[in-house]
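A.B. asks: Enclosed is the structure file data.txt (compact mmCIF, C-alpha atoms).
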# COMPACT_ATOMS: atom_id res chain seq x y z
CA MET A 22 13.88 -8.25 19.81
CA PRO A 23 10.30 -8.97 18.66
CA ALA A 24 9.39 -8.02 15.11
CA GLY A 25 7.95 -4.52 14.75
CA PHE A 26 9.94 -2.91 17.58
CA ASP A 27 11.87 0.25 16.73
CA PRO A 28 15.55 0.15 17.81
CA SER A 29 15.21 3.88 18.62
CA ARG A 30 13.12 2.70 21.61
CA ARG A 31 9.98 4.42 20.33
CA LEU A 32 6.90 2.29 21.03
CA PRO A 33 5.40 0.79 17.86
CA ASP A 34 1.95 1.82 16.68
CA PHE A 35 0.10 -1.23 18.01
CA PHE A 36 0.68 0.00 21.56
CA ALA A 37 -1.61 2.94 20.78
CA ASP A 38 -4.37 0.84 19.19
CA PRO A 39 -7.54 0.12 21.17
CA GLY A 40 -6.72 -3.18 22.77
CA THR A 41 -8.06 -6.08 24.73
CA SER A 42 -8.20 -6.47 28.48
CA SER A 43 -6.18 -9.68 28.13
CA PHE A 44 -2.41 -9.16 28.15
CA THR A 45 -1.79 -12.67 26.81
CA GLN A 46 -4.12 -11.99 23.89
CA PHE A 47 -2.23 -8.76 23.22
CA LEU A 48 1.02 -10.73 23.14
CA SER A 49 -0.45 -13.46 20.94
CA LEU A 50 -1.43 -10.84 18.35
CA ASN A 51 1.76 -8.74 18.37
CA ALA A 52 4.60 -10.85 19.79
CA PRO A 53 3.44 -14.49 20.01
CA GLU A 54 7.01 -15.74 20.36
CA LEU A 55 7.12 -14.26 23.87
CA LEU A 56 4.41 -16.59 25.18
CA PRO A 57 5.79 -19.65 27.01
CA GLY A 58 3.71 -22.16 25.04
CA ARG A 59 4.70 -20.74 21.62
CA ARG A 60 8.42 -21.38 21.85
CA PRO A 61 9.86 -24.18 19.70
CA LEU A 62 11.37 -27.10 21.60
CA PRO A 63 13.81 -29.72 20.36
CA PRO A 64 12.20 -33.05 19.47
CA GLY A 65 11.95 -35.69 22.15
CA TYR A 66 11.26 -35.70 25.86
CA SER A 67 12.70 -32.68 27.69
CA ALA A 68 11.74 -33.33 31.32
CA ASP A 69 15.36 -33.75 32.45
CA MET A 70 16.45 -30.40 31.00
CA ALA A 71 15.29 -28.23 33.89
CA PRO A 72 14.78 -28.42 37.66
CA HIS A 73 11.37 -29.43 38.98
CA ALA A 74 9.57 -27.93 41.94
CA THR A 75 7.27 -29.49 44.55
CA THR A 76 5.23 -29.35 46.96
CA VAL A 77 2.52 -26.72 47.66
CA VAL A 78 -0.55 -26.91 49.90
CA SER A 79 -3.46 -24.51 50.35
CA ILE A 80 -5.95 -24.37 53.21
CA VAL A 81 -9.20 -22.45 53.64
CA CYS A 82 -9.33 -20.49 56.90
CA ALA A 83 -11.50 -17.83 58.49
CA ASN A 84 -11.88 -14.88 56.06
CA GLY A 85 -9.48 -16.30 53.51
CA VAL A 86 -6.85 -18.88 52.59
CA VAL A 87 -3.31 -19.89 53.48
CA MET A 88 -0.80 -21.29 50.99
CA ALA A 89 2.54 -22.90 51.86
CA GLY A 90 5.30 -24.37 49.71
CA ASP A 91 8.53 -26.17 50.44
CA ARG A 92 11.81 -24.76 49.14
CA ARG A 93 13.39 -27.68 47.24
CA ALA A 94 13.82 -28.05 43.49
CA THR A 95 15.27 -31.25 42.04
CA ALA A 96 16.99 -32.27 38.83
CA GLY A 97 16.84 -36.03 38.65
CA ASN A 98 18.43 -37.37 41.81
CA LEU A 99 20.15 -34.03 42.58
CA ILE A 100 18.95 -31.08 44.65
CA ALA A 101 19.00 -28.22 42.16
CA SER A 102 17.95 -25.55 44.67
CA ARG A 103 17.34 -25.45 48.40
CA ASP A 104 15.55 -22.10 48.54
CA ILE A 105 13.28 -21.78 45.50
CA GLU A 106 10.03 -19.88 46.09
CA LYS A 107 6.92 -21.59 44.73
CA VAL A 108 4.21 -19.43 46.36
CA HIS A 109 3.52 -15.87 45.19
CA PRO A 110 0.79 -13.24 45.43
CA ALA A 111 -1.28 -13.12 42.23
CA ASP A 112 -2.89 -9.80 43.16
CA PRO A 113 -3.93 -8.09 46.44
CA TYR A 114 -6.51 -10.79 47.27
CA SER A 115 -5.23 -14.04 45.77
CA LEU A 116 -2.25 -16.41 45.81
CA VAL A 117 -0.73 -18.75 43.26
CA GLY A 118 1.71 -21.63 43.64
CA MET A 119 3.26 -24.00 41.16
CA ALA A 120 4.72 -27.48 40.85
CA GLY A 121 6.50 -28.93 37.86
CA THR A 122 9.18 -27.41 35.63
CA ALA A 123 10.50 -24.58 37.77
CA GLY A 124 11.56 -22.13 35.06
CA VAL A 125 8.31 -22.42 33.12
CA GLY A 126 6.28 -22.24 36.32
CA ILE A 127 7.92 -19.05 37.56
CA GLU A 128 7.48 -17.44 34.16
CA LEU A 129 3.83 -18.51 34.05
CA ILE A 130 3.22 -16.94 37.46
CA LYS A 131 4.83 -13.66 36.37
CA LEU A 132 2.70 -13.60 33.22
CA PHE A 133 -0.41 -14.29 35.30
CA GLN A 134 0.42 -11.40 37.62
CA VAL A 135 0.83 -9.06 34.64
CA GLU A 136 -2.40 -10.39 33.12
CA LEU A 137 -4.41 -9.49 36.22
CA GLU A 138 -2.77 -6.08 36.56
CA HIS A 139 -3.33 -5.34 32.86
CA TYR A 140 -7.01 -6.25 33.10
CA GLU A 141 -7.52 -3.99 36.10
CA LYS A 142 -5.82 -1.04 34.39
CA ILE A 143 -7.79 -1.46 31.16
CA GLU A 144 -11.20 -2.19 32.71
CA GLY A 145 -10.88 -0.11 35.88
CA ALA A 146 -12.13 -3.05 37.96
CA MET A 147 -10.72 -6.24 39.41
CA LEU A 148 -11.57 -9.60 37.88
CA SER A 149 -13.80 -11.87 39.93
CA LEU A 150 -12.11 -14.82 41.61
CA ASP A 151 -13.68 -17.19 39.06
CA GLY A 152 -12.43 -14.94 36.26
CA LYS A 153 -8.89 -15.04 37.64
CA ALA A 154 -9.01 -18.83 37.84
CA ASN A 155 -10.24 -19.04 34.24
CA ARG A 156 -7.43 -16.77 33.04
CA LEU A 157 -4.86 -18.98 34.76
CA ALA A 158 -6.44 -22.08 33.21
CA ALA A 159 -5.98 -20.52 29.76
CA LEU A 160 -2.27 -19.91 30.45
CA VAL A 161 -1.81 -23.54 31.51
CA ARG A 162 -3.64 -24.72 28.39
CA ASN A 163 -1.32 -22.63 26.21
CA ASN A 164 1.64 -24.57 27.60
CA LEU A 165 0.17 -27.95 26.60
CA GLY A 166 2.66 -28.49 23.78
CA ALA A 167 5.62 -28.10 26.13
CA ALA A 168 3.85 -30.21 28.76
CA MET A 169 3.57 -33.10 26.29
CA GLN A 170 7.36 -32.95 25.94
CA GLY A 171 7.88 -33.15 29.68
CA LEU A 172 7.99 -29.45 30.61
CA ALA A 173 4.70 -29.52 32.49
CA VAL A 174 3.54 -26.99 35.08
CA VAL A 175 0.58 -27.49 37.39
CA PRO A 176 -0.45 -24.43 39.44
CA ILE A 177 -2.71 -24.05 42.44
CA PHE A 178 -4.74 -20.87 42.89
CA ALA A 179 -6.52 -19.62 45.99
CA GLY A 180 -7.98 -16.35 47.11
CA VAL A 181 -10.70 -14.29 48.66
CA ASP A 182 -14.08 -14.07 46.94
CA LEU A 183 -15.05 -10.47 47.68
CA ALA A 184 -18.53 -11.09 46.26
CA ALA A 185 -19.30 -14.02 48.57
CA THR A 186 -22.42 -13.61 50.70
CA ASP A 187 -21.76 -16.75 52.76
CA PRO A 188 -18.92 -16.19 55.28
CA THR A 189 -17.88 -19.83 54.87
CA LYS A 190 -17.34 -19.30 51.12
CA VAL A 191 -14.96 -16.34 51.36
CA GLY A 192 -11.84 -18.44 50.88
CA ARG A 193 -11.74 -20.63 47.76
CA ILE A 194 -9.17 -22.96 46.20
CA PHE A 195 -8.79 -24.00 42.56
CA SER A 196 -6.67 -26.80 41.10
CA PHE A 197 -5.67 -27.46 37.48
CA ASP A 198 -4.43 -30.24 35.24
CA VAL A 199 -1.79 -29.97 32.50
CA ALA A 200 -4.50 -29.51 29.85
CA GLY A 201 -5.91 -26.43 31.59
CA GLY A 202 -8.76 -28.21 33.34
CA LEU A 203 -10.11 -26.14 36.24
CA TYR A 204 -11.52 -27.67 39.43
CA GLU A 205 -12.67 -26.03 42.64
CA GLU A 206 -11.55 -27.80 45.81
CA THR A 207 -13.18 -27.91 49.24
CA GLY A 208 -11.29 -27.06 52.40
CA TYR A 209 -7.75 -27.82 51.30
CA ASP A 210 -5.65 -29.11 48.41
CA GLY A 211 -2.07 -29.84 47.44
CA ILE A 212 0.03 -30.22 44.30
CA GLY A 213 3.37 -31.79 43.52
CA SER A 214 4.97 -35.15 44.16
CA GLY A 215 4.57 -34.78 47.93
CA SER A 216 0.90 -33.79 47.74
CA LEU A 217 -0.31 -37.35 48.39
CA PHE A 218 1.32 -37.32 51.83
CA ALA A 219 0.54 -33.66 52.52
CA LYS A 220 -3.15 -34.09 51.76
CA SER A 221 -3.27 -37.24 53.88
CA ALA A 222 -1.98 -35.18 56.79
CA LEU A 223 -4.45 -32.38 56.10
CA LYS A 224 -7.34 -34.84 55.93
CA LYS A 225 -6.74 -35.81 59.56
CA ARG A 226 -6.31 -32.30 60.95
CA TYR A 227 -8.40 -29.93 58.85
CA ARG A 228 -11.65 -28.52 60.15
CA PRO A 229 -13.79 -25.60 58.94
CA GLY A 230 -13.24 -22.25 60.62
CA LEU A 231 -9.51 -22.49 61.27
CA SER A 232 -7.81 -19.23 62.18
CA VAL A 233 -4.98 -17.98 59.96
CA GLU A 234 -2.43 -18.98 62.60
CA GLU A 235 -3.88 -22.50 62.90
CA ALA A 236 -3.91 -22.90 59.11
CA VAL A 237 -0.27 -21.78 58.90
CA THR A 238 0.74 -24.39 61.48
CA LEU A 239 -1.28 -27.05 59.68
CA GLY A 240 0.38 -26.19 56.37
CA VAL A 241 3.89 -26.45 57.85
CA GLU A 242 3.00 -29.80 59.45
CA ALA A 243 1.65 -31.10 56.14
CA LEU A 244 4.86 -30.13 54.33
CA TYR A 245 6.88 -31.83 57.07
CA ASP A 246 4.91 -35.04 56.51
CA ALA A 247 5.40 -34.74 52.75
CA ALA A 248 9.16 -34.30 53.16
CA ASP A 249 9.25 -37.34 55.44
CA ASP A 250 8.10 -39.63 52.60
CA ASP A 251 8.91 -37.77 49.37
CA THR A 252 12.56 -37.16 48.44
CA ALA A 253 11.67 -34.25 46.14
CA THR A 254 10.07 -32.29 48.99
CA GLY A 255 12.34 -30.37 51.33
CA GLY A 256 11.60 -30.20 55.04
CA PRO A 257 12.45 -27.24 57.29
CA ASP A 258 16.21 -26.72 57.16
CA LEU A 259 16.98 -25.68 60.74
CA THR A 260 20.73 -25.57 60.07
CA ARG A 261 20.55 -23.13 57.14
CA LYS A 262 17.38 -21.50 58.50
CA ILE A 263 15.49 -22.19 55.26
CA TYR A 264 11.79 -22.53 56.00
CA PRO A 265 8.66 -22.99 53.84
CA VAL A 266 7.23 -19.96 52.08
CA VAL A 267 3.87 -19.28 53.73
CA MET A 268 1.40 -16.63 52.54
CA SER A 269 -2.14 -15.77 53.53
CA ALA A 270 -4.87 -13.92 51.65
CA THR A 271 -7.76 -12.44 53.63
CA THR A 272 -10.23 -9.61 53.21
CA GLU A 273 -7.42 -7.34 54.41
CA GLY A 274 -5.10 -8.38 51.56
CA THR A 275 -2.21 -10.77 50.99
CA ARG A 276 0.64 -11.21 53.44
CA ARG A 277 3.86 -13.20 53.42
CA HIS A 278 4.61 -14.57 56.85
CA THR A 279 8.15 -13.76 57.91
CA ASP A 280 10.92 -16.32 58.20
CA GLU A 281 10.98 -15.65 61.94
CA GLU A 282 7.29 -16.52 62.26
CA VAL A 283 7.49 -19.62 60.08
CA GLY A 284 10.79 -20.65 61.65
CA ALA A 285 9.27 -20.63 65.14
CA ILE A 286 6.38 -22.79 63.93
CA ALA A 287 8.71 -25.16 62.06
CA GLU A 288 10.95 -25.59 65.10
CA ALA A 289 7.90 -26.34 67.25
CA VAL A 290 6.69 -28.93 64.72
CA VAL A 291 10.10 -30.63 64.65
CA ALA A 292 10.26 -30.62 68.45
CA ARG A 293 6.85 -32.29 68.70
CA ARG A 294 7.87 -34.95 66.18
CA MET A 295 11.03 -35.70 68.12
CA GLU A 296 8.85 -36.43 71.14
CA ASN A 297 6.62 -38.70 69.07
CA ILE A 298 8.64 -40.12 66.20
CA GLY A 299 6.38 -41.29 63.41
CA GLY A 300 3.30 -39.53 64.83
What do you get writing this file as structure tokens?

C.D. replies:
Amino acid sequence: MPAGFDPSRRLPDFFADPGTSSFTQFLSLNAPELLPGRRPLPPGYSADMAPHATTVVSIVCANGVVMAGDRRATAGNLIASRDIEKVHPADPYSLVGMAGTAGVGIELIKLFQVELEHYEKIEGAMLSLDGKANRLAALVRNNLGAAMQGLAVVPIFAGVDLAATDPTKVGRIFSFDVAGGLYEETGYDGIGSGSLFAKSALKKRYRPGLSVEEAVTLGVEALYDAADDDTATGGPDLTRKIYPVVMSATTEGTRRHTDEEVGAIAEAVVARRMENIGG
């Protein structure tokens, strides 16, 4: 239990103090040990201590973005999980995915979701898309110490810019490095060990103005190509009916595409590849 908390379950006084719109700053002042980057780690390199997650792609489409992630997590040469979820809604108009140390990445995403919700409740307004990306960059930067010991997390963030005046700039994608560097991408991007192959596939097929349905199909195809060449990326598992997690964010909000929808697309992709092996 963090210092200063009353075992009688009464909230301590600092909850009633005028606070900041940043939830992570609130934690850093009152319970810094709860932040992922503040926890002490044993000396040495810790990369083999936890499962790692890959691969996630994001694609700009008409009125928004699509994000898709495979379901495999690995621990060395072993498959640690076949159905991990790497893509999540950040808020009603944006999506976030992660690659790297799975446990730290999932926790970082949850903290980011709380950060955005906290800001909106305190300020009575939603952060701009650039503001959301900057907040996520700060969370990644706070994990730098753990990243240097092998527990690195690299997220990808995409969403709808409600303030955009140019219809072609409504959907935007942001990538990060382990030091919290923030970079805006054009058209599409990918993270994780399979991203090299996924982005190569996207480079051939992407075009501006894709519909949401076309972008979903393109994302599933890119993940298939990544799984074909990267052992850490899982392809569609037709036997177990485990398919990529695919979400879209448009001006109407975020939506997770159902397993039935993604499964039909995945089966069609596999069928086309069986007709043209290697193409």

A.B. asks: Rank A:Gly201, A:Gly215, A:Gly118, A:Gly145 by their smallest atom-to-atom distance to Ala159 in chain A, using all atoms listed in the file, and report the top residue only.

C.D. replies: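 Among A:Gly201, A:Gly215, A:Gly118, A:Gly145, it is A:Gly201 that comes nearest to Ala159 in chain A.
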
A.B. asks: Just give me the gap between CA of Ala219 in chain A and CA of Leu239 in chain A in Å, one decimal is fine.

C.D. replies: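 Interatomic distance, CA of Ala219 in chain A to CA of Leu239 in chain A: 9.9 Å.
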
A.B. asks: Would you list the residues near (-2.4, -23.6, 30.6) (no more than 9 Å away, in the coordinates of the file, using all atoms listed in the file) as a PyMOL selection string?

C.D. replies: chain A and resi 58+129+156-165+174-175+197-202

A.B. asks: Smallest atom-to-atom distance to Val266 in chain A: which of A:Lys142, A:Lys224, A:Lys190, A:His278, using only C-alpha atoms?

C.D. replies: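 Between A:Lys142, A:Lys224, A:Lys190, A:His278, the residue approaching Val266 in chain A most closely is A:His278.
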
A.B. asks: For the point (-16.0, -12.9, 52.2) in the file's frame, write as a list in words all residues with an atom no more than 10 Å away, counting all atoms listed in the file.

C.D. replies: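 Every residue inside that radius is included here: Ala83, Asn84, Gly85, Val181, Asp182, Leu183, Ala184, Ala185, Thr186, Asp187, Pro188, Thr189, Lys190, Val191, Gly192, Arg193, Thr271 and Thr272 of chain A.
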
A.B. asks: Take the residues from that selection and put them in a file with C-alpha atoms, as a PDB file, keeping the file's coordinate frame.

C.D. replies:
ATOM      1  CA  ALA A  83     -11.500 -17.830  58.490  1.00  0.00           C
ATOM      2  CA  ASN A  84     -11.880 -14.880  56.060  1.00  0.00           C
ATOM      3  CA  GLY A  85      -9.480 -16.300  53.510  1.00  0.00           C
ATOM      4  CA  VAL A 181     -10.700 -14.290  48.660  1.00  0.00           C
ATOM      5  CA  ASP A 182     -14.080 -14.070  46.940  1.00  0.00           C
ATOM      6  CA  LEU A 183     -15.050 -10.470  47.680  1.00  0.00           C
ATOM      7  CA  ALA A 184     -18.530 -11.090  46.260  1.00  0.00           C
ATOM      8  CA  ALA A 185     -19.300 -14.020  48.570  1.00  0.00           C
ATOM      9  CA  THR A 186     -22.420 -13.610  50.700  1.00  0.00           C
ATOM     10  CA  ASP A 187     -21.760 -16.750  52.760  1.00  0.00           C
ATOM     11  CA  PRO A 188     -18.920 -16.190  55.280  1.00  0.00           C
ATOM     12  CA  THR A 189     -17.880 -19.830  54.870  1.00  0.00           C
ATOM     13  CA  LYS A 190     -17.340 -19.300  51.120  1.00  0.00           C
ATOM     14  CA  VAL A 191     -14.960 -16.340  51.360  1.00  0.00           C
ATOM     15  CA  GLY A 192     -11.840 -18.440  50.880  1.00  0.00           C
ATOM     16  CA  ARG A 193     -11.740 -20.630  47.760  1.00  0.00           C
ATOM     17  CA  THR A 271      -7.760 -12.440  53.630  1.00  0.00           C
ATOM     18  CA  THR A 272     -10.230  -9.610  53.210  1.00  0.00           C
TER      19      THR A 272
END

A.B. asks: Considering only C-alpha atoms, can you say which of A:Lys220, A:Ala253, A:Leu132, A:Gly152 comes closest to Asn98 in chain A?

C.D. replies: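 Among A:Lys220, A:Ala253, A:Leu132, A:Gly152, it is A:Ala253 that comes nearest to Asn98 in chain A.
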
A.B. asks: Hey, could you patch up range 199-220 of chain A with N, CA and C atoms and hand it over as an mmCIF file, in the frame of the given file?

C.D. replies:
data_model
loop_
_atom_site.group_PDB
_atom_site.id
_atom_site.type_symbol
_atom_site.label_atom_id
_atom_site.label_comp_id
_atom_site.auth_asym_id
_atom_site.auth_seq_id
_atom_site.Cartn_x
_atom_site.Cartn_y
_atom_site.Cartn_z
ATOM 1 N N VAL A 199 -2.726 -30.487 33.504
ATOM 2 C CA VAL A 199 -1.790 -29.970 32.500
ATOM 3 C C VAL A 199 -2.497 -29.495 31.236
ATOM 4 N N ALA A 200 -3.743 -29.933 31.025
ATOM 5 C CA ALA A 200 -4.500 -29.510 29.850
ATOM 6 C C ALA A 200 -5.310 -28.244 30.103
ATOM 7 N N GLY A 201 -5.164 -27.645 31.278
ATOM 8 C CA GLY A 201 -5.910 -26.430 31.590
ATOM 9 C C GLY A 201 -7.250 -26.690 32.242
ATOM 10 N N GLY A 202 -7.523 -27.927 32.628
ATOM 11 C CA GLY A 202 -8.760 -28.210 33.340
ATOM 12 C C GLY A 202 -8.793 -27.499 34.680
ATOM 13 N N LEU A 203 -9.961 -26.951 35.034
ATOM 14 C CA LEU A 203 -10.110 -26.140 36.240
ATOM 15 C C LEU A 203 -11.095 -26.823 37.184
ATOM 16 N N TYR A 204 -10.688 -26.967 38.452
ATOM 17 C CA TYR A 204 -11.520 -27.670 39.430
ATOM 18 C C TYR A 204 -11.480 -26.906 40.751
ATOM 19 N N GLU A 205 -12.638 -26.668 41.324
ATOM 20 C CA GLU A 205 -12.670 -26.030 42.640
ATOM 21 C C GLU A 205 -12.607 -27.097 43.730
ATOM 22 N N GLU A 206 -11.759 -26.856 44.721
ATOM 23 C CA GLU A 206 -11.550 -27.800 45.810
ATOM 24 C C GLU A 206 -12.244 -27.313 47.081
ATOM 25 N N THR A 207 -12.496 -28.223 47.996
ATOM 26 C CA THR A 207 -13.180 -27.910 49.240
ATOM 27 C C THR A 207 -12.236 -28.057 50.431
ATOM 28 N N GLY A 208 -12.045 -26.990 51.163
ATOM 29 C CA GLY A 208 -11.290 -27.060 52.400
ATOM 30 C C GLY A 208 -9.794 -26.951 52.255
ATOM 31 N N TYR A 209 -9.198 -27.804 51.441
ATOM 32 C CA TYR A 209 -7.750 -27.820 51.300
ATOM 33 C C TYR A 209 -7.389 -28.555 50.015
ATOM 34 N N ASP A 210 -6.147 -28.371 49.581
ATOM 35 C CA ASP A 210 -5.650 -29.110 48.410
ATOM 36 C C ASP A 210 -4.137 -29.017 48.399
ATOM 37 N N GLY A 211 -3.514 -29.848 47.585
ATOM 38 C CA GLY A 211 -2.070 -29.840 47.440
ATOM 39 C C GLY A 211 -1.676 -30.262 46.050
ATOM 40 N N ILE A 212 -0.499 -29.833 45.606
ATOM 41 C CA ILE A 212 0.030 -30.220 44.300
ATOM 42 C C ILE A 212 1.482 -30.642 44.470
ATOM 43 N N GLY A 213 1.984 -31.367 43.492
ATOM 44 C CA GLY A 213 3.370 -31.790 43.520
ATOM 45 C C GLY A 213 3.516 -33.233 43.967
ATOM 46 N N SER A 214 4.741 -33.736 43.874
ATOM 47 C CA SER A 214 4.970 -35.150 44.160
ATOM 48 C C SER A 214 4.714 -35.495 45.618
ATOM 49 N N GLY A 215 4.825 -34.518 46.523
ATOM 50 C CA GLY A 215 4.570 -34.780 47.930
ATOM 51 C C GLY A 215 3.139 -34.523 48.343
ATOM 52 N N SER A 216 2.277 -34.179 47.387
ATOM 53 C CA SER A 216 0.900 -33.790 47.740
ATOM 54 C C SER A 216 0.103 -34.960 48.303
ATOM 55 N N LEU A 217 0.405 -36.177 47.873
ATOM 56 C CA LEU A 217 -0.310 -37.350 48.390
ATOM 57 C C LEU A 217 -0.152 -37.421 49.912
ATOM 58 N N PHE A 218 1.065 -37.233 50.388
ATOM 59 C CA PHE A 218 1.320 -37.320 51.830
ATOM 60 C C PHE A 218 0.830 -36.061 52.554
ATOM 61 N N ALA A 219 0.986 -34.901 51.905
ATOM 62 C CA ALA A 219 0.540 -33.660 52.520
ATOM 63 C C ALA A 219 -0.976 -33.649 52.695
ATOM 64 N N LYS A 220 -1.687 -34.084 51.666
ATOM 65 C CA LYS A 220 -3.150 -34.090 51.760
ATOM 66 C C LYS A 220 -3.642 -35.142 52.744
#
